[in-house]
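Below is one structure, written out as structure tokens; comments come after it.
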Amino acid sequence: MRTIILSSFVTILSAVAVNAQDIEQVKKTIDAEKFSEARKSLKSMVETTPDKGKNYFYLGQVYLALEKQDSAKVYFEKGKVAKDAGHLNLIGLGQLNLLEGNSSAAETNFASALAIAKKKNTEEQIFITQAYLKATNPDVSKALAAAKLAVASDPKSALAQIALGDALVANKNVNDAYVAYRTAGELDKTSLRAPLQLAIITRNAQAFPEALKAFNDILAINPSYGPAFREKAETNLAWAYAKKSLFEEKIAAALEDYKKYMSLTDVSTDAKIKYADFLILSKKWKELEAEALAIQKLDKVNPKVFKYLGYAYSENGNPDGAIKSLTDYMTKVDAKKINGKDYLYLAKAKLATSMDDKGIISNQAKFSEAISDLTKAAELNPNLNTEFTEIGIKLYSGKAYLEAAKLFELAVKNTNSKSYSRDNFLLGNSILFYAESKTAAQKATLTAEFVKANNAYAEAIRISPNTQDVYFYKGQLNRVIGTPEANAQAVLDYEGYVKTVTAKGETEMAKAAVKENLFETYSFIGANYATTDKAKAIENFKKAAEINPNDVFVKESLQALNK
């Protein structure tokens, strides 16, 4: 009897040891982002050792990585009642709460998990840190607090130090994050994640050659570590965008690295979807279309396929296909997953169908729909302003001025944009050029537009006070408005033009275009001072006469004023 009991006990210990070994291997598989392989192993482990809560928890994490929240929830719910470490699944459920925007429910689940945990709760605090960082609206301060508790619980845990580094990066404390990652690498010489994160910090500082060397050093240790190839790809992509002269070279290198990443992780629909995301960033639209069609053959119900086809069709000259695909995507996917770029590409396709072959808007209803979609895009992502500017300039060049103004209005919503001053200038010009040929009755309907234009010019001047043309065109706008108040403002605007040009010296004032503008400026100022300030009127008309002594209006005005 005693022999049987001992035998059973040895069997149990053996099963525990095997499971512990299995879970460590699975963690490495997850870290290497081989999610399909990890999912297969964890499903088997859940079936063979259903009392191990950690197996359910990691399986749920894999499903979250694959953006399958419903499946993740199923396993977290099953795992929370497991005898061994079932409480970890409460953290998984809390993570789902955060993805759904329910922070109070998440707090409850985290508190319940910690109440069950042992005094040394390093692992739990690491998972809570990750949950806050991966939330729909990340709570970086709570993530940092949890990470610090993890380190306090076990200062020699490399994973706790990595969690601390992640939280510090999210809190924009890169220097301390670097120290945390370096400490993690010292604590665990076999860790590849720690040097990977250090190399990412190097890349984000735009030290691209040094970052690539660091990723290659990681691959020299483990040539099969897929994330290093992905980060190499991201580095080459960032380098391509940072230095336009290297764009094609670095994009080609990035795509090769990403293909290698795919070959080392999952040759699956999930990996193909990630590759499609990368093709969008690489602006490889033909390849994206082909990849999306290939994904569709593998997974006919995945809504992301419609998104990719919509983007590709929009860029590849098939606007009708783009509209259909993106509309299908938006009706099939959770509304929370629709982003600014989705609306941008839908709008670009609608804009294309609203114009004729000469670029003239022929379908006002479709154009209005496009503007509505672009407005949604701006609300969701103001950083798309460069796209709005690009579209606005095309309309502006085609003399669709009022339509262009709508795009520049969206562009200037991002006040941190590098083109903010120019976009304001173009917004003002768009309204000016639209209005200058209109009748008095038509101008009377443009009061709101005139306010926008004046404000836009004023903002451009505030940002770039030495840009002389803004003063001139602002004066032109107020002359077009033509009310006594507007004419008085035009005088001030033109005086600003004169002051700015004069400060730049004789070389600038001698330019033909500048002389023409100065003549118009002096003539207008002189005419406006004629009845209120004779001396100023004469002064400005004389300056106008110096530029064009044969102008009849100027000569007659001076004769009248000198009587």
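Chain labels A, B, ... are given in the sequence in which chains occur in the structure tokens; within each chain residues are numbered consecutively from 1, and ligands are likewise numbered from 1 in the order shown.
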Can you pull out the residues contacting region 214-225 of chain A? Cut-off 8 Å, using only C-alpha atoms, and skip same-chain residues under 6 positions away; I want them as a compact mmCIF listing (two decimals) with C-alpha atoms, in the first residue's frame.
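File out-v5.txt, as written:
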# COMPACT_ATOMS: atom_id res chain seq x y z
CA ALA A 32 9.41 34.79 -29.69
CA LEU A 192 16.80 38.44 -25.35
CA PRO A 195 18.72 43.81 -25.07
CA LEU A 196 15.88 44.05 -27.60
CA ALA A 199 18.04 48.53 -28.97
CA GLU A 231 12.46 45.48 -34.90
CA LYS A 232 15.15 45.55 -37.59
CA LEU A 264 10.33 32.60 -37.95
According to DSSP computed on the backbone, where in region 320-557 of chain A is there alpha helix (DSSP H)? Give the residues as JSON, numbers by chain.
{"A": [320, 321, 322, 323, 324, 325, 326, 327, 328, 329, 330, 331, 332, 340, 341, 342, 343, 344, 345, 346, 347, 348, 349, 350, 351, 352, 353, 354, 364, 365, 366, 367, 368, 369, 370, 371, 372, 373, 374, 375, 376, 377, 378, 379, 380, 385, 386, 387, 388, 389, 390, 391, 392, 393, 394, 395, 396, 397, 401, 402, 403, 404, 405, 406, 407, 408, 409, 410, 411, 420, 421, 422, 423, 424, 425, 426, 427, 428, 429, 430, 431, 432, 433, 434, 435, 440, 441, 442, 443, 447, 448, 449, 450, 451, 452, 453, 454, 455, 456, 457, 458, 459, 460, 461, 462, 463, 468, 469, 470, 471, 472, 473, 474, 475, 476, 477, 478, 479, 480, 481, 484, 485, 486, 487, 488, 489, 490, 491, 492, 493, 494, 495, 496, 497, 498, 499, 500, 501, 502, 503, 506, 507, 508, 509, 512, 513, 514, 515, 516, 517, 518, 519, 520, 521, 522, 523, 524, 525, 526, 527, 528, 529, 534, 535, 536, 537, 538, 539, 540, 541, 542, 543, 544, 545, 546, 547, 552, 553, 554, 555, 556, 557]}
Using only C-alpha atoms, determine which residues lie at most 12 Å from region 37-43 of chain A, disregarding the query and same-chain residues fewer than 3 positions distant; provide the list as a count of residues only.
42
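Residues lying within 10 Å of Tyr522 (chain A), counting only C-alpha atoms and ignoring same-chain neighbours fewer than 2 positions away, are Val491, Tyr494, Glu495, Val498, Asn517, Leu518, Phe519, Glu520, Phe524, Ile525, Gly526, Ala527, Asn528, Ala537, Ile538, Glu539, Asn540, Phe541, Lys542, Lys543, Ala544, Ala545, Ile547 and Val554 of chain A.
Residues with any atom within 12 Å of Glu256 (chain A), counting only C-alpha atoms and excluding same-chain neighbours fewer than 4 positions away, are Phe229, Arg230, Lys232, Ala233, Glu234, Asn236, Leu237, Glu249, Lys250, Ile251, Ala252, Lys260, Tyr261, Met262, Ser263, Tyr275, Phe278, Leu279 and Ser282 of chain A.
With distances restricted to only C-alpha atoms, A:Leu198 is the closest residue to Glu210 (chain A) from A:Ala322, A:Met509, A:Leu446, A:Leu198.
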Need the shell around Pro319 (chain A): protein/DNA/RNA residues with any atom at most 7 Å away, counting only C-alpha atoms. Skip same-chain ones fewer than 3 positions apart. Format as number ranges by chain?
A: 313-314, 322-323, 349-350, 352-353
Just the selected residues (N, CA, C and O atoms), exported as a PDB file, in the first residue's frame, please.
ATOM      1  N   TYR A 313      -7.066  49.487 -52.887  1.00  0.00           N
ATOM      2  CA  TYR A 313      -7.868  49.947 -54.023  1.00  0.00           C
ATOM      3  C   TYR A 313      -7.850  51.477 -54.117  1.00  0.00           C
ATOM      4  O   TYR A 313      -7.798  52.036 -55.214  1.00  0.00           O
ATOM      5  N   SER A 314      -7.891  52.151 -52.958  1.00  0.00           N
ATOM      6  CA  SER A 314      -7.887  53.609 -52.954  1.00  0.00           C
ATOM      7  C   SER A 314      -6.614  54.152 -53.590  1.00  0.00           C
ATOM      8  O   SER A 314      -6.642  55.094 -54.377  1.00  0.00           O
ATOM      9  N   ALA A 322     -12.646  50.539 -53.412  1.00  0.00           N
ATOM     10  CA  ALA A 322     -12.236  51.006 -52.085  1.00  0.00           C
ATOM     11  C   ALA A 322     -13.449  51.349 -51.227  1.00  0.00           C
ATOM     12  O   ALA A 322     -13.510  50.989 -50.045  1.00  0.00           O
ATOM     13  N   ILE A 323     -14.405  52.054 -51.816  1.00  0.00           N
ATOM     14  CA  ILE A 323     -15.611  52.448 -51.069  1.00  0.00           C
ATOM     15  C   ILE A 323     -16.367  51.212 -50.593  1.00  0.00           C
ATOM     16  O   ILE A 323     -16.768  51.117 -49.425  1.00  0.00           O
ATOM     17  N   ALA A 349     -11.255  57.878 -51.513  1.00  0.00           N
ATOM     18  CA  ALA A 349     -11.951  57.173 -52.589  1.00  0.00           C
ATOM     19  C   ALA A 349     -13.196  57.956 -53.029  1.00  0.00           C
ATOM     20  O   ALA A 349     -13.474  58.085 -54.231  1.00  0.00           O
ATOM     21  N   LYS A 350     -13.922  58.487 -52.062  1.00  0.00           N
ATOM     22  CA  LYS A 350     -15.121  59.275 -52.395  1.00  0.00           C
ATOM     23  C   LYS A 350     -14.748  60.561 -53.125  1.00  0.00           C
ATOM     24  O   LYS A 350     -15.464  60.998 -54.036  1.00  0.00           O
ATOM     25  N   ALA A 352     -12.248  60.898 -55.129  1.00  0.00           N
ATOM     26  CA  ALA A 352     -11.924  60.503 -56.505  1.00  0.00           C
ATOM     27  C   ALA A 352     -13.183  60.338 -57.341  1.00  0.00           C
ATOM     28  O   ALA A 352     -13.213  60.706 -58.525  1.00  0.00           O
ATOM     29  N   THR A 353     -14.250  59.806 -56.736  1.00  0.00           N
ATOM     30  CA  THR A 353     -15.498  59.609 -57.484  1.00  0.00           C
ATOM     31  C   THR A 353     -16.318  60.894 -57.595  1.00  0.00           C
ATOM     32  O   THR A 353     -17.276  60.950 -58.355  1.00  0.00           O
TER      33      THR A 353
END
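Nearest-residue note for Gln130 (chain A): choosing from A:Ala535, A:Ala115, A:Leu164, A:Leu149, the minimum distance belongs to A:Leu164, counting only C-alpha atoms.
Proximity ranking of A:Thr122, A:Ser36, A:Asn429, A:Thr235 relative to Ala152 (chain A) places A:Thr122 first, based on only C-alpha atoms.
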All residues 12 Å or closer to Ser417 (chain A), only C-alpha atoms, same chain fewer than 6 positions away omitted, as a PyMOL selection string
chain A and resi 382-389+410-411+423-424+463
May I ask for the distance between CA of Pro549 (chain A) and CA of Lys511 (chain A), given in Å to one decimal place?
17.5 Å
